[in-house]
Structures are given as C-alpha cells and as structure tokens.
file entry-v4.txt (compact mmCIF, C-alpha atoms)
# COMPACT_ATOMS: atom_id res chain seq x y z
CA MET V 13 144.98 94.98 102.82
CA LYS V 14 142.46 97.86 103.08
CA ILE V 15 142.29 98.11 99.30
CA LYS V 16 141.63 94.37 99.01
CA LYS V 17 138.84 94.55 101.61
CA PHE V 18 137.34 97.52 99.80
CA LYS V 19 137.34 95.62 96.51
CA LEU V 20 135.65 92.62 98.14
CA PHE V 21 133.06 94.91 99.70
CA ALA V 22 132.41 96.63 96.36
CA LEU V 23 132.08 93.24 94.65
CA ALA V 24 129.56 92.09 97.26
CA LEU V 25 127.51 95.27 96.74
CA PHE V 26 127.57 94.69 92.98
CA PHE V 27 126.17 91.17 93.34
CA LEU V 28 123.47 92.43 95.70
CA TRP V 29 122.55 95.10 93.16
CA LEU V 30 122.52 92.54 90.34
CA THR V 31 120.28 90.21 92.37
CA GLY V 32 117.90 93.11 92.94
CA LEU V 33 117.70 93.77 89.22
CA GLN V 34 116.99 90.12 88.49
CA ALA V 35 114.23 90.08 91.11
CA GLN V 36 112.42 92.84 89.20
CA THR V 37 111.47 90.57 86.30
CA VAL V 38 109.68 87.25 85.91
CA LYS V 39 109.55 84.91 82.91
CA ASP V 40 106.60 82.80 81.79
CA ILE V 41 106.79 79.34 80.22
CA ASP V 42 106.84 80.87 76.71
CA GLY V 43 109.91 82.93 77.61
CA ASN V 44 108.08 86.26 77.80
CA VAL V 45 109.77 88.50 80.39
CA TYR V 46 107.64 90.81 82.53
CA ASN V 47 108.69 93.73 84.68
CA THR V 48 107.30 93.81 88.20
CA VAL V 49 106.32 96.53 90.64
CA THR V 50 105.87 96.55 94.42
CA ILE V 51 102.73 98.34 95.58
CA GLY V 52 102.28 98.30 99.33
CA THR V 53 102.81 94.73 100.49
CA GLN V 54 102.11 93.21 97.07
CA VAL V 55 104.30 92.53 94.05
CA TRP V 56 102.53 92.71 90.68
CA MET V 57 103.48 92.29 87.06
CA ASP V 58 103.37 95.75 85.50
CA GLU V 59 102.05 94.42 82.19
CA ASN V 60 99.35 92.04 81.03
CA LEU V 61 99.93 88.33 80.66
CA LYS V 62 100.59 87.04 77.13
CA VAL V 63 101.38 83.38 77.76
CA THR V 64 100.01 80.72 75.38
CA LYS V 65 100.80 77.61 77.42
CA TYR V 66 99.81 76.49 80.90
CA THR V 67 102.57 76.09 83.46
CA ASP V 68 102.55 72.34 82.77
CA GLY V 69 103.49 72.99 79.13
CA VAL V 70 100.09 72.17 77.64
CA ALA V 71 98.94 74.66 75.01
CA ILE V 72 96.03 76.90 75.97
CA PRO V 73 93.41 76.60 73.20
CA LEU V 74 93.54 79.61 70.88
CA VAL V 75 89.89 80.33 70.12
CA THR V 76 89.05 82.66 67.25
CA ASP V 77 85.31 81.97 67.06
CA ASN V 78 82.56 81.47 69.64
CA ARG V 79 81.97 77.76 69.13
CA THR V 80 84.34 76.60 71.89
CA TRP V 81 84.69 79.82 73.90
CA SER V 82 82.70 78.25 76.75
CA LYS V 83 85.79 76.12 77.52
CA PRO V 84 89.25 77.32 78.66
CA GLY V 85 90.83 79.47 75.98
CA TYR V 86 92.52 82.70 74.98
CA CYS V 87 92.69 85.02 72.00
CA TRP V 88 94.24 88.28 70.86
CA TYR V 89 92.14 91.40 70.42
CA GLU V 90 90.49 91.23 66.99
CA ASN V 91 92.42 87.95 66.59
CA ASP V 92 95.40 90.11 65.59
CA GLU V 93 98.47 88.94 67.51
CA ALA V 94 100.94 91.07 65.57
CA THR V 95 99.16 94.32 66.42
CA TYR V 96 98.04 93.75 70.00
CA LYS V 97 100.16 91.12 71.76
CA ASN V 98 103.16 93.15 72.88
CA THR V 99 101.17 96.13 74.17
CA TYR V 100 98.01 94.60 75.59
CA GLY V 101 98.76 90.91 76.10
CA ALA V 102 96.17 88.19 75.55
CA LEU V 103 92.49 87.98 76.49
CA TYR V 104 91.58 84.90 78.56
CA ASN V 105 88.20 83.59 79.57
CA TRP V 106 87.68 82.78 83.24
CA HIS V 107 87.63 79.07 82.49
CA ALA V 108 91.34 79.40 81.68
CA VAL V 109 91.90 81.47 84.82
CA ASN V 110 90.21 78.80 86.90
CA THR V 111 92.72 76.15 85.86
CA GLY V 112 95.21 77.84 88.21
CA LYS V 113 97.92 77.30 85.59
CA LEU V 114 98.22 80.66 83.80
CA CYS V 115 100.77 82.55 85.88
CA PRO V 116 104.44 81.56 86.28
CA THR V 117 105.45 79.41 89.24
CA GLY V 118 105.40 81.55 92.38
CA TRP V 119 102.69 83.81 90.94
CA HIS V 120 98.90 83.60 90.61
CA VAL V 121 95.84 85.42 89.32
CA PRO V 122 94.76 87.76 92.15
CA SER V 123 91.61 87.09 94.12
CA ASP V 124 88.96 89.77 94.45
CA ALA V 125 90.22 90.36 98.00
CA GLU V 126 93.77 90.94 96.70
CA TRP V 127 92.46 93.48 94.22
CA THR V 128 90.74 95.20 97.14
CA THR V 129 94.01 95.25 99.08
CA LEU V 130 95.56 97.05 96.10
CA THR V 131 92.81 99.65 95.76
CA ASP V 132 92.65 100.23 99.52
CA PHE V 133 96.38 100.96 99.60
CA LEU V 134 95.87 103.52 96.83
CA GLY V 135 93.09 105.33 98.69
CA GLY V 136 90.04 103.26 97.73
CA LYS V 137 88.44 102.04 94.52
CA ASP V 138 86.96 105.46 93.71
CA VAL V 139 90.41 107.00 93.16
CA ALA V 140 92.68 104.01 92.54
CA GLY V 141 92.05 103.90 88.79
CA GLY V 142 93.92 107.13 88.11
CA LYS V 143 96.90 105.96 90.15
CA LEU V 144 97.01 102.68 88.20
CA LYS V 145 96.43 103.95 84.66
CA SER V 146 99.27 104.64 82.28
CA ILE V 147 99.52 108.30 81.36
CA THR V 148 99.74 107.31 77.69
CA GLY V 149 97.90 104.79 75.54
CA TRP V 150 94.38 105.81 76.59
CA LYS V 151 91.91 107.77 74.50
CA SER V 152 91.11 111.27 75.76
CA PRO V 153 90.29 112.39 78.40
CA ASN V 154 92.06 109.70 80.52
CA ILE V 155 90.81 111.28 83.74
CA VAL V 156 93.43 111.90 86.46
CA ALA V 157 95.86 109.30 85.13
CA THR V 158 99.16 109.54 87.04
CA ASN V 159 100.43 105.93 87.12
CA GLU V 160 102.06 106.86 90.43
CA SER V 161 101.73 103.21 91.48
CA GLY V 162 103.81 101.98 88.52
CA PHE V 163 101.07 99.49 87.61
CA THR V 164 100.79 100.92 84.06
CA ALA V 165 97.23 99.83 83.36
CA LEU V 166 96.37 99.96 79.66
CA PRO V 167 92.97 99.85 77.92
CA GLY V 168 93.11 96.42 76.31
CA GLY V 169 89.35 96.14 75.85
CA TYR V 170 87.63 92.76 76.00
CA ARG V 171 86.09 89.96 74.02
CA TYR V 172 82.34 89.70 74.51
CA PHE V 173 81.23 86.14 75.05
CA LEU V 174 78.42 86.43 72.50
CA TYR V 175 79.25 86.60 68.80
CA SER V 176 83.03 86.77 69.44
CA SER V 177 82.89 90.56 69.24
CA PHE V 178 85.68 92.79 70.53
CA LYS V 179 85.01 96.05 72.35
CA SER V 180 86.45 99.08 74.17
CA ILE V 181 90.16 99.02 73.30
CA GLY V 182 91.62 102.45 74.05
CA ASN V 183 88.73 103.25 76.41
CA GLU V 184 88.62 100.51 79.04
CA GLY V 185 90.78 97.83 80.64
CA TYR V 186 89.37 94.65 82.18
CA TRP V 187 91.23 92.26 84.50
CA TRP V 188 89.97 88.99 85.90
CA SER V 189 90.12 87.96 89.53
CA SER V 190 90.30 84.31 90.51
CA THR V 191 87.10 84.68 92.58
CA GLU V 192 83.84 83.24 91.34
CA HIS V 193 80.69 85.18 92.16
CA ALA V 194 78.12 82.56 91.26
CA THR V 195 77.64 79.88 88.65
CA PHE V 196 78.81 81.23 85.28
CA LYS V 197 79.93 84.58 86.73
CA ALA V 198 83.22 85.79 88.24
CA PHE V 199 84.62 89.04 89.66
CA TYR V 200 86.81 91.38 87.64
CA ARG V 201 88.15 94.93 87.82
CA LYS V 202 87.64 97.66 85.25
CA ALA V 203 89.40 100.97 84.56
CA ARG V 204 87.93 103.58 82.21
CA ASN V 205 89.24 106.64 80.42
CA TYR V 206 86.35 108.83 81.57
CA TYR V 207 86.59 107.90 85.26
CA ASN V 208 89.10 107.74 88.09
CA ASP V 209 87.91 104.52 89.70
CA LEU V 210 88.83 100.85 89.54
CA GLY V 211 85.44 99.28 89.99
CA SER V 212 84.68 95.74 91.09
CA TYR V 213 82.11 93.90 88.98
CA TYR V 214 81.10 90.39 88.03
CA GLU V 215 80.39 89.10 84.56
CA ASN V 216 79.94 85.95 82.50
CA GLU V 217 82.96 83.66 82.78
CA ALA V 218 83.08 83.22 79.00
CA ASN V 219 84.15 86.84 78.43
CA GLY V 220 87.75 87.43 77.42
CA PHE V 221 89.58 89.81 79.77
CA SER V 222 93.20 90.67 80.46
CA VAL V 223 95.12 89.00 83.29
CA ARG V 224 97.66 90.48 85.70
CA CYS V 225 99.63 88.14 87.95
CA ILE V 226 100.58 88.78 91.57
CA MET V 227 103.45 87.16 93.46
CA ASP V 228 102.67 84.43 96.00
CA LYS V 229 103.34 85.28 99.63

call {"tool": "encode", "arguments": {"input": "entry-v4.txt", "output": "structure tokens"}}
result
Amino acid sequence: MKIKKFKLFALALFFLWLTGLQAQTVKDIDGNVYNTVTIGTQVWMDENLKVTKYTDGVAIPLVTDNRTWSKPGYCWYENDEATYKNTYGALYNWHAVNTGKLCPTGWHVPSDAEWTTLTDFLGGKDVAGGKLKSITGWKSPNIVATNESGFTALPGGYRYFLYSSFKSIGNEGYWWSSTEHATFKAFYRKARNYYNDLGSYYENEANGFSVRCIMDK
C-alpha cells in the first residue's frame, strides 16, 4: 500500500513538473515557439517576435520598400529572412503594434509603464541594459552585459522610416512599447553596446523596431 501511494505521489509530481515546463513556452499563430522568463512580477518572452500573421489569421503586410511603410507592416533586417529571422525576429512598425493583434492570446506588447516596471526592478534604466543584454551576439565592447535577468536582449538594429534603410545591427536593439507619445510618434526602449542603460525614447511610428511580448495579468 505504501509503495502504491509513493508511486501515485511521484506520478503527481511528474505531471506538476511537466506542466511547469509547458508553462515556460508560448506559441504564436505561425507556430513559432518562444521561451519565457519571469522577471519580478512580469513574464516576458526571452526572444523577439517573428510572427507574420495577426492573431485573427490575417497576414501582416510584408513591406520591402518605403511606399507603403506608413501603414501596418513588418520586414526582416535587410529584407533577408534566412539570415536574420531566427536570431533577431522581425521588425514591425508601430502601426502594426497599434492593431493590438501581434502577440499571442494572453500576451501583449508592453506599455511604456510596463517597460519602466521592468527597469525599476533591475535597479533603474541607467543600469538595466547590462542586466538585460545577452553576453554574446553584440559587437565589442558590450558594456557590463550579464543577462542576469534572462531577458537575452540582442542587437537587432532597426529599419529607418525614410529610404527603407537598415541600421545598427550588432550595436543596438530597439523595442516598441504600445504607448503613443504624440501624433506620429510612440515610445520605445533602446539598448546599446557602448552603454549600460535601457533608455526610453520616442520616435516616428513608421520606423521598424523589434517587439517583445509580455504576459497579460
């Protein structure tokens, strides 16, 4: 009888462990699977979004020139999916972010306030960058990069809204917030290889930046 109870107890622990493992990943509508990380009271994806369809199944426009980049769209750095997708994810303009349909169900693009909650937990924006940056994948000197948060921020660069030019891969990472600053401008966060901060800025909504999703509460 004791052996049977022990086996049942062990089986219950196994299923709890398995459930915990499953809770550490999330899948988007394309079938891409993302690892997640808990930082303070928040749960984040630990990699950039690479989805190509909205949560309703409608394709996000893939824009490789600047003629329609003023409308919701995404692209790959240098329009080279094969080279950049798996490591850096896609670059989305804020018009796509503002649809509210990029992140998987139960997740969303973080507001500027939620980014601030993250940086405050890590000691403030002036030091949070180092704790968020991956220790590899950045060009030297990658100042004080520890990735102690598990966020694994990578320098995916950005797409400049004028001329469809691509900039800063290896040196800087840019991530949208869902918060608009003013007409045509929205808040984002930036990490840099030469600095330890994760600054808050606002820029033209037609720029193409990376997206990280955060779990709904």

call {"tool": "residues_around", "arguments": {"input": "entry-v4.txt", "residues": "segment 79-81 of chain V", "least_positions_apart": "3", "cutoff": "10 Å", "atoms": "only C-alpha atoms", "output": "ChimeraX atom specification"}}
result
/V:73-76,84-87,104-105,107,173-176,217-220

call {"tool": "atom_distance", "arguments": {"input": "entry-v4.txt", "atom1": "atom CA of Asn205 of chain V", "atom2": "atom CA of Asn110 of chain V"}}
result
28.6 Å

call {"tool": "closest_residue", "arguments": {"input": "entry-v4.txt", "among": "V:Pro153, V:Gly162, V:Gly135, V:Gly141", "to": "Thr48 of chain V", "atoms": "all atoms listed in the file"}}
result
V:Gly162

call {"tool": "closest_residue", "arguments": {"input": "entry-v4.txt", "among": "V:Gln36, V:Thr53, V:Thr191, V:Ser222", "to": "Thr129 of chain V", "atoms": "only C-alpha atoms"}}
result
V:Thr53

call {"tool": "atom_distance", "arguments": {"input": "entry-v4.txt", "atom1": "atom CA of Lys151 of chain V", "atom2": "atom CA of Leu61 of chain V"}}
result
21.9 Å

call {"tool": "atom_distance", "arguments": {"input": "entry-v4.txt", "atom1": "atom CA of Arg224 of chain V", "atom2": "atom CA of Trp150 of chain V"}}
result
18.1 Å

call {"tool": "closest_residue", "arguments": {"input": "entry-v4.txt", "among": "V:Val55, V:Glu160, V:Ala165, V:Lys145", "to": "Thr37 of chain V", "atoms": "all atoms listed in the file"}}
result
V:Val55

call {"tool": "residues_around", "arguments": {"input": "entry-v4.txt", "residues": "Leu166 of chain V", "least_positions_apart": "5", "cutoff": "8 Å", "atoms": "all atoms listed in the file", "output": "PyMOL selection string"}}
result
chain V and resi 100+145-146+149-150+182+184-185

call {"tool": "residues_near_point", "arguments": {"input": "entry-v4.txt", "point": "(100.4, 82.4, 85.7)", "cutoff": "10 Å", "atoms": "only C-alpha atoms", "output": "PyMOL selection string"}}
result
chain V and resi 39-41+61-63+65-67+109+111-121+223-227

call {"tool": "closest_residue", "arguments": {"input": "entry-v4.txt", "among": "V:Leu134, V:Ala71, V:Leu103, V:Met57", "to": "Trp188 of chain V", "atoms": "only C-alpha atoms"}}
result
V:Leu103

call {"tool": "closest_residue", "arguments": {"input": "entry-v4.txt", "among": "V:Val139, V:Glu215, V:Ile51, V:Asn78", "to": "Lys197 of chain V", "atoms": "all atoms listed in the file"}}
result
V:Glu215

call {"tool": "closest_residue", "arguments": {"input": "entry-v4.txt", "among": "V:Gly43, V:Gly211, V:Gly52, V:Gly101", "to": "Leu130 of chain V", "atoms": "all atoms listed in the file"}}
result
V:Gly52

call {"tool": "axis_aligned_box", "arguments": {"input": "entry-v4.txt", "around": "segment 49-62 of chain V", "padding_each_side": "3 Å", "output": "JSON"}}
result
{"center_x": 102.8, "center_y": 92.7, "center_z": 88.8, "size_x": 13.0, "size_y": 17.3, "size_z": 29.4}

call {"tool": "build_atoms", "arguments": {"input": "entry-v4.txt", "residues": "segment 140-161 of chain V", "atoms": "N, CA and C atoms", "output": "PDB file, in the coordinates of the input"}}
result
ATOM      1  N   ALA V 140      91.526 104.859  92.876  1.00  0.00           N
ATOM      2  CA  ALA V 140      92.680 104.010  92.540  1.00  0.00           C
ATOM      3  C   ALA V 140      92.933 103.924  91.040  1.00  0.00           C
ATOM      4  N   GLY V 141      91.885 104.047  90.236  1.00  0.00           N
ATOM      5  CA  GLY V 141      92.050 103.900  88.790  1.00  0.00           C
ATOM      6  C   GLY V 141      93.075 104.868  88.212  1.00  0.00           C
ATOM      7  N   GLY V 142      92.987 106.131  88.614  1.00  0.00           N
ATOM      8  CA  GLY V 142      93.920 107.130  88.110  1.00  0.00           C
ATOM      9  C   GLY V 142      95.356 106.837  88.485  1.00  0.00           C
ATOM     10  N   LYS V 143      95.553 106.269  89.672  1.00  0.00           N
ATOM     11  CA  LYS V 143      96.900 105.960  90.150  1.00  0.00           C
ATOM     12  C   LYS V 143      97.466 104.707  89.498  1.00  0.00           C
ATOM     13  N   LEU V 144      96.597 103.916  88.869  1.00  0.00           N
ATOM     14  CA  LEU V 144      97.010 102.680  88.200  1.00  0.00           C
ATOM     15  C   LEU V 144      97.159 102.850  86.692  1.00  0.00           C
ATOM     16  N   LYS V 145      96.445 103.804  86.114  1.00  0.00           N
ATOM     17  CA  LYS V 145      96.430 103.950  84.660  1.00  0.00           C
ATOM     18  C   LYS V 145      97.706 104.569  84.123  1.00  0.00           C
ATOM     19  N   SER V 146      98.168 104.026  83.000  1.00  0.00           N
ATOM     20  CA  SER V 146      99.270 104.640  82.280  1.00  0.00           C
ATOM     21  C   SER V 146      98.873 106.042  81.841  1.00  0.00           C
ATOM     22  N   ILE V 147      99.844 106.938  81.785  1.00  0.00           N
ATOM     23  CA  ILE V 147      99.520 108.300  81.360  1.00  0.00           C
ATOM     24  C   ILE V 147      99.452 108.407  79.831  1.00  0.00           C
ATOM     25  N   THR V 148      99.865 107.354  79.144  1.00  0.00           N
ATOM     26  CA  THR V 148      99.740 107.310  77.690  1.00  0.00           C
ATOM     27  C   THR V 148      98.996 106.034  77.295  1.00  0.00           C
ATOM     28  N   GLY V 149      98.530 105.989  76.061  1.00  0.00           N
ATOM     29  CA  GLY V 149      97.900 104.790  75.540  1.00  0.00           C
ATOM     30  C   GLY V 149      96.397 104.744  75.693  1.00  0.00           C
ATOM     31  N   TRP V 150      95.826 105.734  76.408  1.00  0.00           N
ATOM     32  CA  TRP V 150      94.380 105.810  76.590  1.00  0.00           C
ATOM     33  C   TRP V 150      93.820 106.914  75.694  1.00  0.00           C
ATOM     34  N   LYS V 151      92.595 106.716  75.224  1.00  0.00           N
ATOM     35  CA  LYS V 151      91.910 107.770  74.500  1.00  0.00           C
ATOM     36  C   LYS V 151      91.542 108.896  75.468  1.00  0.00           C
ATOM     37  N   SER V 152      91.484 110.110  74.957  1.00  0.00           N
ATOM     38  CA  SER V 152      91.110 111.270  75.760  1.00  0.00           C
ATOM     39  C   SER V 152      89.706 111.073  76.346  1.00  0.00           C
ATOM     40  N   PRO V 153      89.461 111.479  77.613  1.00  0.00           N
ATOM     41  CA  PRO V 153      90.290 112.390  78.400  1.00  0.00           C
ATOM     42  C   PRO V 153      91.242 111.711  79.397  1.00  0.00           C
ATOM     43  N   ASN V 154      91.186 110.414  79.582  1.00  0.00           N
ATOM     44  CA  ASN V 154      92.060 109.700  80.520  1.00  0.00           C
ATOM     45  C   ASN V 154      92.130 110.421  81.863  1.00  0.00           C
ATOM     46  N   ILE V 155      90.989 110.487  82.520  1.00  0.00           N
ATOM     47  CA  ILE V 155      90.810 111.280  83.740  1.00  0.00           C
ATOM     48  C   ILE V 155      91.830 110.932  84.818  1.00  0.00           C
ATOM     49  N   VAL V 156      92.525 111.953  85.311  1.00  0.00           N
ATOM     50  CA  VAL V 156      93.430 111.900  86.460  1.00  0.00           C
ATOM     51  C   VAL V 156      94.380 110.698  86.406  1.00  0.00           C
ATOM     52  N   ALA V 157      94.914 110.409  85.248  1.00  0.00           N
ATOM     53  CA  ALA V 157      95.860 109.300  85.130  1.00  0.00           C
ATOM     54  C   ALA V 157      97.254 109.774  85.528  1.00  0.00           C
ATOM     55  N   THR V 158      97.816 109.182  86.582  1.00  0.00           N
ATOM     56  CA  THR V 158      99.160 109.540  87.040  1.00  0.00           C
ATOM     57  C   THR V 158     100.135 108.369  86.989  1.00  0.00           C
ATOM     58  N   ASN V 159      99.614 107.143  87.046  1.00  0.00           N
ATOM     59  CA  ASN V 159     100.430 105.930  87.120  1.00  0.00           C
ATOM     60  C   ASN V 159     101.443 106.014  88.259  1.00  0.00           C
ATOM     61  N   GLU V 160     101.110 106.714  89.322  1.00  0.00           N
ATOM     62  CA  GLU V 160     102.060 106.860  90.430  1.00  0.00           C
ATOM     63  C   GLU V 160     102.355 105.531  91.116  1.00  0.00           C
ATOM     64  N   SER V 161     101.504 104.538  90.910  1.00  0.00           N
ATOM     65  CA  SER V 161     101.730 103.210  91.480  1.00  0.00           C
ATOM     66  C   SER V 161     102.760 102.412  90.687  1.00  0.00           C
TER      67      SER V 161
END
